[in-house]
$ cat final_23.pdb   # PDB, C-alpha atoms
ATOM      1  CA  MET A   1      21.516   9.008   2.736
ATOM      2  CA  SER A   2      21.180   6.300   5.400
ATOM      3  CA  VAL A   3      17.518   5.323   4.846
ATOM      4  CA  ALA A   4      15.214   5.066   1.839
ATOM      5  CA  VAL A   5      11.430   4.952   2.359
ATOM      6  CA  VAL A   6       9.548   3.537  -0.615
ATOM      7  CA  VAL A   7       5.792   3.873  -1.177
ATOM      8  CA  GLY A   8       3.630   3.407  -4.233
ATOM      9  CA  THR A   9      -0.016   3.082  -3.178
ATOM     10  CA  ARG A  10      -2.469   4.903  -0.930
ATOM     11  CA  PRO A  11      -2.308   2.420   1.994
ATOM     12  CA  GLU A  12       1.489   2.534   1.994
ATOM     13  CA  ILE A  13       1.499   6.329   2.165
ATOM     14  CA  ILE A  14      -0.861   6.263   5.145
ATOM     15  CA  LYS A  15       0.917   3.453   6.981
ATOM     16  CA  MET A  16       4.410   4.826   6.401
ATOM     17  CA  ALA A  17       3.469   8.394   7.370
ATOM     18  CA  PRO A  18       4.278   7.788  11.089
ATOM     19  CA  VAL A  19       7.636   6.272  10.099
ATOM     20  CA  VAL A  20       8.496   9.280   7.926
ATOM     21  CA  LYS A  21       7.452  11.655  10.711
ATOM     22  CA  GLU A  22       9.606   9.774  13.223
ATOM     23  CA  LEU A  23      12.627   9.918  10.921
ATOM     24  CA  GLU A  24      12.108  13.666  10.623
ATOM     25  CA  LYS A  25      11.703  14.028  14.399
ATOM     26  CA  ARG A  26      14.950  12.159  15.063
ATOM     27  CA  GLY A  27      16.853  14.061  12.409
ATOM     28  CA  ILE A  28      17.633  10.906  10.434
ATOM     29  CA  GLU A  29      18.475  11.665   6.835
ATOM     30  CA  PHE A  30      16.300   9.761   4.361
ATOM     31  CA  ILE A  31      15.091   9.715   0.803
ATOM     32  CA  PHE A  32      11.397   9.378   0.038
ATOM     33  CA  ILE A  33      10.499   7.487  -3.159
ATOM     34  CA  HIS A  34       7.060   7.151  -4.765
ATOM     35  CA  THR A  35       6.910   4.512  -7.506
ATOM     36  CA  GLY A  36       3.667   5.676  -9.120
ATOM     37  CA  GLN A  37       1.825   2.346  -8.760
ATOM     38  CA  HIS A  38      -1.177   4.441  -7.689
ATOM     39  CA  TYR A  39      -0.846   7.208 -10.247
ATOM     40  CA  ASP A  40      -4.248   8.858  -9.752
ATOM     41  CA  TYR A  41      -3.990  12.125  -7.768
ATOM     42  CA  GLU A  42      -6.905  11.171  -5.513
ATOM     43  CA  MET A  43      -5.263   7.817  -4.791
ATOM     44  CA  SER A  44      -1.773   8.994  -3.894
ATOM     45  CA  GLN A  45      -0.534  12.587  -4.117
ATOM     46  CA  VAL A  46      -3.487  14.023  -2.227
ATOM     47  CA  PHE A  47      -2.584  11.807   0.743
ATOM     48  CA  ILE A  48       1.049  12.931   0.695
ATOM     49  CA  GLU A  49      -0.160  16.527   0.826
ATOM     50  CA  GLU A  50      -2.901  16.087   3.429
ATOM     51  CA  LEU A  51      -0.694  14.029   5.757
ATOM     52  CA  GLY A  52       1.963  16.718   5.661
ATOM     53  CA  LEU A  53       4.643  14.448   4.198
ATOM     54  CA  PRO A  54       7.623  15.815   2.290
ATOM     55  CA  ARG A  55       7.547  15.907  -1.469
ATOM     56  CA  PRO A  56       9.120  12.669  -2.731
ATOM     57  CA  HIS A  57      12.750  12.958  -3.805
ATOM     58  CA  GLU A  58      11.911  10.544  -6.615
ATOM     59  CA  SER A  59       8.484  10.048  -8.185
ATOM     60  CA  PHE A  60       8.059   7.722 -11.149
ATOM     61  CA  ARG A  61       5.613   7.755 -14.030
ATOM     62  CA  LEU A  62       4.990   4.179 -15.129
ATOM     63  CA  GLU A  63       4.332   3.537 -18.798
ATOM     64  CA  SER A  64       2.414   0.279 -18.409
ATOM     65  CA  SER A  65      -0.622  -0.782 -16.387
ATOM     66  CA  ASN A  66       0.233  -4.482 -16.756
ATOM     67  CA  PRO A  67       1.470  -5.797 -13.374
ATOM     68  CA  ALA A  68       4.443  -7.717 -14.775
ATOM     69  CA  SER A  69       5.559  -4.805 -16.954
ATOM     70  CA  GLN A  70       5.103  -2.398 -14.042
ATOM     71  CA  MET A  71       7.302  -4.611 -11.882
ATOM     72  CA  GLY A  72      10.048  -4.480 -14.498
ATOM     73  CA  GLU A  73       9.754  -0.703 -14.816
ATOM     74  CA  MET A  74       9.848  -0.201 -11.067
ATOM     75  CA  LEU A  75      12.878  -2.464 -10.652
ATOM     76  CA  ILE A  76      14.856  -0.511 -13.240
ATOM     77  CA  LYS A  77      13.858   2.897 -11.882
ATOM     78  CA  LEU A  78      14.324   1.938  -8.236
ATOM     79  CA  GLU A  79      17.790   0.561  -8.909
ATOM     80  CA  LYS A  80      18.813   3.812 -10.612
ATOM     81  CA  ALA A  81      17.291   5.918  -7.829
ATOM     82  CA  LEU A  82      19.017   3.975  -5.050
ATOM     83  CA  GLU A  83      22.352   4.143  -6.848
ATOM     84  CA  ARG A  84      21.883   7.861  -7.441
ATOM     85  CA  TYR A  85      21.682   8.356  -3.681
ATOM     86  CA  ARG A  86      24.764   6.180  -3.104
ATOM     87  CA  LYS A  87      22.864   3.134  -1.920
ATOM     88  CA  PRO A  88      21.352   3.847   1.519
ATOM     89  CA  ARG A  89      22.093   1.493   4.401
ATOM     90  CA  VAL A  90      18.479   0.276   4.590
ATOM     91  CA  VAL A  91      15.345   0.415   2.450
ATOM     92  CA  LEU A  92      12.093   0.547   4.422
ATOM     93  CA  ILE A  93       9.084  -0.996   2.686
ATOM     94  CA  GLN A  94       5.566  -1.711   3.880
ATOM     95  CA  GLY A  95       3.043  -4.399   3.055
ATOM     96  CA  ASP A  96       2.559  -6.614   0.049
ATOM     97  CA  THR A  97       2.055  -4.702  -3.205
ATOM     98  CA  ASN A  98       4.025  -4.990  -6.444
ATOM     99  CA  THR A  99       5.863  -1.806  -5.419
ATOM    100  CA  MET A 100       7.099  -3.462  -2.250
ATOM    101  CA  LEU A 101       8.298  -6.596  -4.038
ATOM    102  CA  ALA A 102      10.094  -4.481  -6.648
ATOM    103  CA  ALA A 103      11.711  -2.350  -3.930
ATOM    104  CA  GLY A 104      12.760  -5.426  -1.981
ATOM    105  CA  LEU A 105      14.315  -7.093  -5.027
ATOM    106  CA  ALA A 106      16.072  -3.888  -6.112
ATOM    107  CA  ALA A 107      17.576  -3.451  -2.655
ATOM    108  CA  LEU A 108      18.559  -7.124  -2.492
ATOM    109  CA  LYS A 109      20.408  -6.995  -5.821
ATOM    110  CA  LEU A 110      22.242  -3.825  -4.742
ATOM    111  CA  GLY A 111      23.271  -5.310  -1.407
ATOM    112  CA  VAL A 112      21.136  -2.880   0.610
ATOM    113  CA  ARG A 113      19.462  -4.084   3.807
ATOM    114  CA  ILE A 114      15.654  -4.368   3.776
ATOM    115  CA  GLY A 115      13.289  -3.472   6.605
ATOM    116  CA  HIS A 116       9.767  -4.832   6.102
ATOM    117  CA  VAL A 117       7.023  -3.009   7.999
ATOM    118  CA  GLU A 118       3.887  -5.136   8.574
ATOM    119  CA  ALA A 119       5.776  -8.403   8.071
ATOM    120  CA  GLY A 120       4.280 -11.824   8.745
ATOM    121  CA  LEU A 121       0.646 -11.251   7.788
ATOM    122  CA  ARG A 122      -0.837 -14.254   5.995
ATOM    123  CA  SER A 123      -4.139 -14.950   4.237
ATOM    124  CA  PHE A 124      -3.053 -18.482   3.174
ATOM    125  CA  ASP A 125      -4.957 -17.796  -0.063
ATOM    126  CA  TRP A 126      -2.652 -18.366  -3.034
ATOM    127  CA  ARG A 127      -5.173 -16.775  -5.415
ATOM    128  CA  MET A 128      -4.106 -13.411  -3.991
ATOM    129  CA  PRO A 129      -1.048 -11.843  -5.655
ATOM    130  CA  GLU A 130      -0.412 -10.022  -2.370
ATOM    131  CA  GLU A 131       0.142 -13.367  -0.653
ATOM    132  CA  HIS A 132       2.936 -14.196  -3.109
ATOM    133  CA  ASN A 133       4.474 -10.750  -2.664
ATOM    134  CA  ARG A 134       4.454 -10.656   1.126
ATOM    135  CA  ARG A 135       5.975 -14.094   1.498
ATOM    136  CA  MET A 136       8.798 -13.322  -0.912
ATOM    137  CA  ILE A 137       9.472  -9.986   0.763
ATOM    138  CA  ASP A 138       9.588 -11.583   4.210
ATOM    139  CA  HIS A 139      12.140 -14.143   3.085
ATOM    140  CA  VAL A 140      14.601 -11.574   1.724
ATOM    141  CA  SER A 141      14.232  -8.963   4.488
ATOM    142  CA  HIS A 142      16.892  -8.306   7.107
ATOM    143  CA  TYR A 143      14.540  -6.666   9.606
ATOM    144  CA  LEU A 144      10.950  -7.874   9.928
ATOM    145  CA  PHE A 145       8.587  -5.601  11.848
ATOM    146  CA  ALA A 146       5.621  -7.811  12.743
ATOM    147  CA  PRO A 147       2.425  -6.036  13.864
ATOM    148  CA  THR A 148       1.250  -8.892  16.138
ATOM    149  CA  GLU A 149       2.449 -12.006  17.938
ATOM    150  CA  VAL A 150       0.520 -14.100  15.408
ATOM    151  CA  ALA A 151       2.483 -12.450  12.584
ATOM    152  CA  ARG A 152       5.715 -13.108  14.482
ATOM    153  CA  ARG A 153       4.758 -16.774  14.879
ATOM    154  CA  ASN A 154       4.043 -17.057  11.140
ATOM    155  CA  LEU A 155       7.538 -15.771  10.395
ATOM    156  CA  LEU A 156       9.242 -18.098  12.859
ATOM    157  CA  GLU A 157       7.306 -21.102  11.544
ATOM    158  CA  GLU A 158       8.521 -20.261   8.036
ATOM    159  CA  HIS A 159      12.120 -20.013   9.313
ATOM    160  CA  VAL A 160      12.799 -16.546   7.914
ATOM    161  CA  TRP A 161      16.443 -15.640   8.347
ATOM    162  CA  GLY A 162      15.950 -11.936   9.161
ATOM    163  CA  GLU A 163      15.560 -10.489  12.663
ATOM    164  CA  VAL A 164      11.927 -10.296  13.846
ATOM    165  CA  PHE A 165      10.498  -7.481  16.009
ATOM    166  CA  VAL A 166       6.893  -7.118  17.228
ATOM    167  CA  THR A 167       6.103  -3.417  16.795
ATOM    168  CA  GLY A 168       2.341  -3.043  16.462
ATOM    169  CA  ASN A 169       0.674  -1.719  13.329
ATOM    170  CA  THR A 170       1.626   1.720  12.035
ATOM    171  CA  VAL A 171      -1.953   2.306  10.846
ATOM    172  CA  VAL A 172      -2.877   2.653  14.541
ATOM    173  CA  ASP A 173      -0.115   5.250  14.913
ATOM    174  CA  ALA A 174      -1.456   7.012  11.819
ATOM    175  CA  MET A 175      -4.970   7.130  13.301
ATOM    176  CA  ASP A 176      -3.630   8.591  16.548
ATOM    177  CA  MET A 177      -1.449  11.096  14.717
ATOM    178  CA  TYR A 178      -4.095  12.314  12.274
ATOM    179  CA  PHE A 179      -7.273  11.852  14.315
ATOM    180  CA  ASP A 180      -8.218  15.539  14.299
ATOM    181  CA  LYS A 181      -7.667  15.767  10.547
ATOM    182  CA  VAL A 182      -9.783  12.643  10.016
ATOM    183  CA  ARG A 183     -12.615  14.263  11.989
ATOM    184  CA  GLU A 184     -12.409  17.368   9.775
ATOM    185  CA  VAL A 185     -12.603  15.279   6.609
ATOM    186  CA  GLU A 186     -15.400  13.173   8.096
ATOM    187  CA  ALA A 187     -17.473  16.296   8.729
ATOM    188  CA  LYS A 188     -17.102  17.396   5.086
ATOM    189  CA  VAL A 189     -17.987  13.929   3.796
ATOM    190  CA  MET A 190     -21.018  13.609   6.056
ATOM    191  CA  GLU A 191     -22.386  16.871   4.669
ATOM    192  CA  GLN A 192     -22.807  15.085   1.327
ATOM    193  CA  ILE A 193     -24.663  12.075   2.745
ATOM    194  CA  ARG A 194     -28.394  12.656   2.897
ATOM    195  CA  PHE A 195     -29.339   9.456   4.728
ATOM    196  CA  GLY A 196     -29.808   8.810   8.419
ATOM    197  CA  GLU A 197     -29.111   5.106   7.963
ATOM    198  CA  TYR A 198     -27.063   3.637   5.124
ATOM    199  CA  ALA A 199     -24.696   0.843   4.146
ATOM    200  CA  LEU A 200     -21.064   1.766   3.371
ATOM    201  CA  VAL A 201     -19.581  -0.440   0.644
ATOM    202  CA  THR A 202     -16.373  -0.503  -1.347
ATOM    203  CA  PHE A 203     -14.554  -3.213  -3.276
ATOM    204  CA  HIS A 204     -11.741  -3.306  -5.800
ATOM    205  CA  ARG A 205      -9.837  -6.569  -5.414
ATOM    206  CA  ALA A 206      -9.104  -8.383  -8.666
ATOM    207  CA  GLU A 207     -11.023 -11.503  -7.639
ATOM    208  CA  ASN A 208     -14.112  -9.334  -7.025
ATOM    209  CA  VAL A 209     -14.112  -7.016 -10.025
ATOM    210  CA  ASP A 210     -12.090  -8.550 -12.871
ATOM    211  CA  ASN A 211     -14.614 -11.299 -13.598
ATOM    212  CA  PRO A 212     -17.665  -9.643 -15.260
ATOM    213  CA  GLN A 213     -20.108 -12.175 -13.823
ATOM    214  CA  THR A 214     -18.806 -11.728 -10.282
ATOM    215  CA  LEU A 215     -19.035  -7.965 -10.684
ATOM    216  CA  ARG A 216     -22.618  -8.240 -11.985
ATOM    217  CA  ASP A 217     -23.472 -10.314  -8.906
ATOM    218  CA  PHE A 218     -22.096  -7.569  -6.660
ATOM    219  CA  VAL A 219     -24.229  -4.980  -8.459
ATOM    220  CA  ARG A 220     -27.352  -7.152  -8.077
ATOM    221  CA  ILE A 221     -26.677  -7.493  -4.335
ATOM    222  CA  LEU A 222     -26.268  -3.739  -3.940
ATOM    223  CA  ARG A 223     -29.500  -3.071  -5.825
ATOM    224  CA  ARG A 224     -31.375  -5.326  -3.398
ATOM    225  CA  SER A 225     -29.990  -3.608  -0.308
ATOM    226  CA  PRO A 226     -32.759  -2.575   2.111
ATOM    227  CA  LEU A 227     -30.664   0.501   2.976
ATOM    228  CA  PRO A 228     -29.296   3.279   0.753
ATOM    229  CA  VAL A 229     -25.735   2.408  -0.279
ATOM    230  CA  VAL A 230     -22.830   4.853  -0.046
ATOM    231  CA  PHE A 231     -20.190   3.591  -2.471
ATOM    232  CA  PRO A 232     -16.775   5.352  -2.543
ATOM    233  CA  ILE A 233     -15.656   3.853  -5.834
ATOM    234  CA  HIS A 234     -12.100   2.793  -6.572
ATOM    235  CA  PRO A 235     -10.725   3.720 -10.052
ATOM    236  CA  ARG A 236     -10.202   0.026 -10.836
ATOM    237  CA  THR A 237     -13.832  -0.766 -10.012
ATOM    238  CA  ARG A 238     -15.057   2.197 -12.061
ATOM    239  CA  ARG A 239     -13.189   0.945 -15.135
ATOM    240  CA  ARG A 240     -14.536  -2.581 -14.705
ATOM    241  CA  LEU A 241     -18.111  -1.339 -14.254
ATOM    242  CA  GLN A 242     -17.826   0.629 -17.466
ATOM    243  CA  GLY A 243     -16.699  -2.562 -19.183
ATOM    244  CA  VAL A 244     -19.630  -4.531 -17.807
ATOM    245  CA  ARG A 245     -22.014  -1.785 -18.965
ATOM    246  CA  ALA A 246     -20.536  -1.970 -22.448
ATOM    247  CA  LEU A 247     -21.043  -5.727 -22.509
ATOM    248  CA  GLY A 248     -24.681  -5.260 -21.572
TER
END

$ encode --input "final_23.pdb" --output "structure tokens"
Amino acid sequence: MSVAVVVGTRPEIIKMAPVVKELEKRGIEFIFIHTGQHYDYEMSQVFIEELGLPRPHESFRLESSNPASQMGEMLIKLEKALERYRKPRVVLIQGDTNTMLAAGLAALKLGVRIGHVEAGLRSFDWRMPEEHNRRMIDHVSHYLFAPTEVARRNLLEEHVWGEVFVTGNTVVDAMDMYFDKVREVEAKVMEQIRFGEYALVTFHRAENVDNPQTLRDFVRILRRSPLPVVFPIHPRTRRRLQGVRALG
């Protein structure tokens, strides 16, 4: 195999879908690996199916939910998977999750080139684990696919050694590619919403939901909303809300 495409979370599946489709269109042989970081069916597998992506060649079941332990598990399993397919020439990764850092480090240790899709984005907020991940990935990648000129400038200012390309954001390609399907899903969702006017809210980031007091504050704000609130709830947020309820 010449290319490995690694995903592990819902956003990565969506954003890498156009890349996978283009590889298929060009007849480029690749392996498709899902690390299992998002293990819930509604958070991962359903997107692979609905976006018409091939079944992953490798799909992991992680034993731990602890981020550090998950990283270790993914490193071990990714190394074995890449070796099993005779070490592809390049590993394509996207974004800034633990999956992407594990894939980047596994490829680096095996001497496989790394292509980082959505390189160069910066929040400059060191409280975010994603900020650590994306910076480390950028500095070990051979090919950096920046979505914007600002992202390219961030990379050049940090003196990354890989080659930088401005490519645009694959999520835009995904929207163009799946627009009709999105409209179909939208119609089904809207059938369930009984309100003419409403507020759409979702949150799941650790800094928003892991602290019980912060989470309580979010709930208080939602309760005071002058509009009905439609809240597509993330599994992480659901677990934390159950914990807050138990605490009283």

$ closest_atom_pairs --input "final_23.pdb" --of "range 125-156 of chain A" --to "range 98-115 of chain A" --cutoff "7 Å" --atoms "all atoms listed in the file" --output "Markdown table"
| residue | atom | partner | partner_atom | distance |
| --- | --- | --- | --- | --- |
| A:Asn133 | CA | A:Leu101 | CA | 5.8 |
| A:Ile137 | CA | A:Leu101 | CA | 6.0 |
| A:Ser141 | CA | A:Ile114 | CA | 4.9 |
| A:His142 | CA | A:Ile114 | CA | 5.3 |
| A:Tyr143 | CA | A:Gly115 | CA | 4.6 |
| A:Leu144 | CA | A:Gly115 | CA | 6.0 |

$ residues_around --input "final_23.pdb" --residues "Leu53 in chain A" --least-positions-apart "4" --cutoff "7 Å" --atoms "all atoms listed in the file" --output "short mmCIF file (atom, residue, chain, number, x, y, z; two decimals) with C-alpha atoms, in the frame of the given file"
data_model
loop_
_atom_site.label_atom_id
_atom_site.label_comp_id
_atom_site.auth_asym_id
_atom_site.auth_seq_id
_atom_site.Cartn_x
_atom_site.Cartn_y
_atom_site.Cartn_z
CA ALA A 17 3.47 8.39 7.37
CA ILE A 48 1.05 12.93 0.70
CA GLU A 49 -0.16 16.53 0.83
#

$ resolve_selection --input "final_23.pdb" --expression "the PyMOL selection byres ((chain A and resi 168-178) around 8)" --output "PDB file with C-alpha atoms, keeping the file's coordinate frame"
ATOM      1  CA  ILE A  14      -0.861   6.263   5.145  1.00  0.00           C
ATOM      2  CA  LYS A  15       0.917   3.453   6.981  1.00  0.00           C
ATOM      3  CA  MET A  16       4.410   4.826   6.401  1.00  0.00           C
ATOM      4  CA  ALA A  17       3.469   8.394   7.370  1.00  0.00           C
ATOM      5  CA  PRO A  18       4.278   7.788  11.089  1.00  0.00           C
ATOM      6  CA  VAL A  19       7.636   6.272  10.099  1.00  0.00           C
ATOM      7  CA  LEU A  51      -0.694  14.029   5.757  1.00  0.00           C
ATOM      8  CA  GLU A 118       3.887  -5.136   8.574  1.00  0.00           C
ATOM      9  CA  ALA A 146       5.621  -7.811  12.743  1.00  0.00           C
ATOM     10  CA  PRO A 147       2.425  -6.036  13.864  1.00  0.00           C
ATOM     11  CA  THR A 148       1.250  -8.892  16.138  1.00  0.00           C
ATOM     12  CA  VAL A 166       6.893  -7.118  17.228  1.00  0.00           C
ATOM     13  CA  THR A 167       6.103  -3.417  16.795  1.00  0.00           C
ATOM     14  CA  PHE A 179      -7.273  11.852  14.315  1.00  0.00           C
ATOM     15  CA  ASP A 180      -8.218  15.539  14.299  1.00  0.00           C
ATOM     16  CA  LYS A 181      -7.667  15.767  10.547  1.00  0.00           C
ATOM     17  CA  VAL A 182      -9.783  12.643  10.016  1.00  0.00           C
TER      18      VAL A 182
END

$ closest_residue --input "final_23.pdb" --among "A:Lys87, A:Phe30, A:His132, A:Val7" --to "Phe60 in chain A" --atoms "only C-alpha atoms"
A:Val7

$ atom_distance --input "final_23.pdb" --atom1 "CA of Gly162 in chain A" --atom2 "CA of Leu82 in chain A"
21.6 Å

$ resolve_selection --input "final_23.pdb" --expression "the PyMOL selection byres ((chain A and resi 123) around 12)" --output "PyMOL selection string"
chain A and resi 96+120-122+124-135+151+154

$ closest_residue --input "final_23.pdb" --among "A:Gln94, A:Ser69, A:Thr237, A:Ser64" --to "Ile13 in chain A" --atoms "only C-alpha atoms"
A:Gln94

$ closest_residue --input "final_23.pdb" --among "A:Gly72, A:Arg216, A:Glu12, A:Val20" --to "Gly95 in chain A" --atoms "all atoms listed in the file"
A:Glu12

$ closest_residue --input "final_23.pdb" --among "A:Thr202, A:Asn211, A:Gln45, A:Thr97" --to "Pro235 in chain A" --atoms "all atoms listed in the file"
A:Thr202

$ atom_distance --input "final_23.pdb" --atom1 "CA of His204 in chain A" --atom2 "CA of Lys188 in chain A"
24.0 Å

$ axis_aligned_box --input "final_23.pdb" --around "range 66-71 of chain A" --padding-each-side "4 Å" --output "lines of an AutoDock Vina configuration file"
center_x = 3.8
center_y = -5.1
center_z = -14.4
size_x = 15.1
size_y = 13.3
size_z = 13.1

$ resolve_selection --input "final_23.pdb" --expression "the PyMOL selection byres ((chain A and resi 238-243) around 12)" --output "number ranges by chain"
A: 202-219, 231-237, 244-248

$ atom_distance --input "final_23.pdb" --atom1 "CA of Phe195 in chain A" --atom2 "CA of Arg220 in chain A"
21.1 Å

$ residues_around --input "final_23.pdb" --residues "Ala199 in chain A" --least-positions-apart "6" --cutoff "10 Å" --atoms "only C-alpha atoms" --output "VMD selection string"
chain A and resid 222 225 to 231

$ residues_around --input "final_23.pdb" --residues "Glu58 in chain A" --least-positions-apart "5" --cutoff "9 Å" --atoms "only C-alpha atoms" --output "PDB file with C-alpha atoms, in the frame of the given file"
ATOM      1  CA  ILE A  31      15.091   9.715   0.803  1.00  0.00           C
ATOM      2  CA  PHE A  32      11.397   9.378   0.038  1.00  0.00           C
ATOM      3  CA  ILE A  33      10.499   7.487  -3.159  1.00  0.00           C
ATOM      4  CA  HIS A  34       7.060   7.151  -4.765  1.00  0.00           C
ATOM      5  CA  THR A  35       6.910   4.512  -7.506  1.00  0.00           C
ATOM      6  CA  ALA A  81      17.291   5.918  -7.829  1.00  0.00           C
TER       7      ALA A  81
END
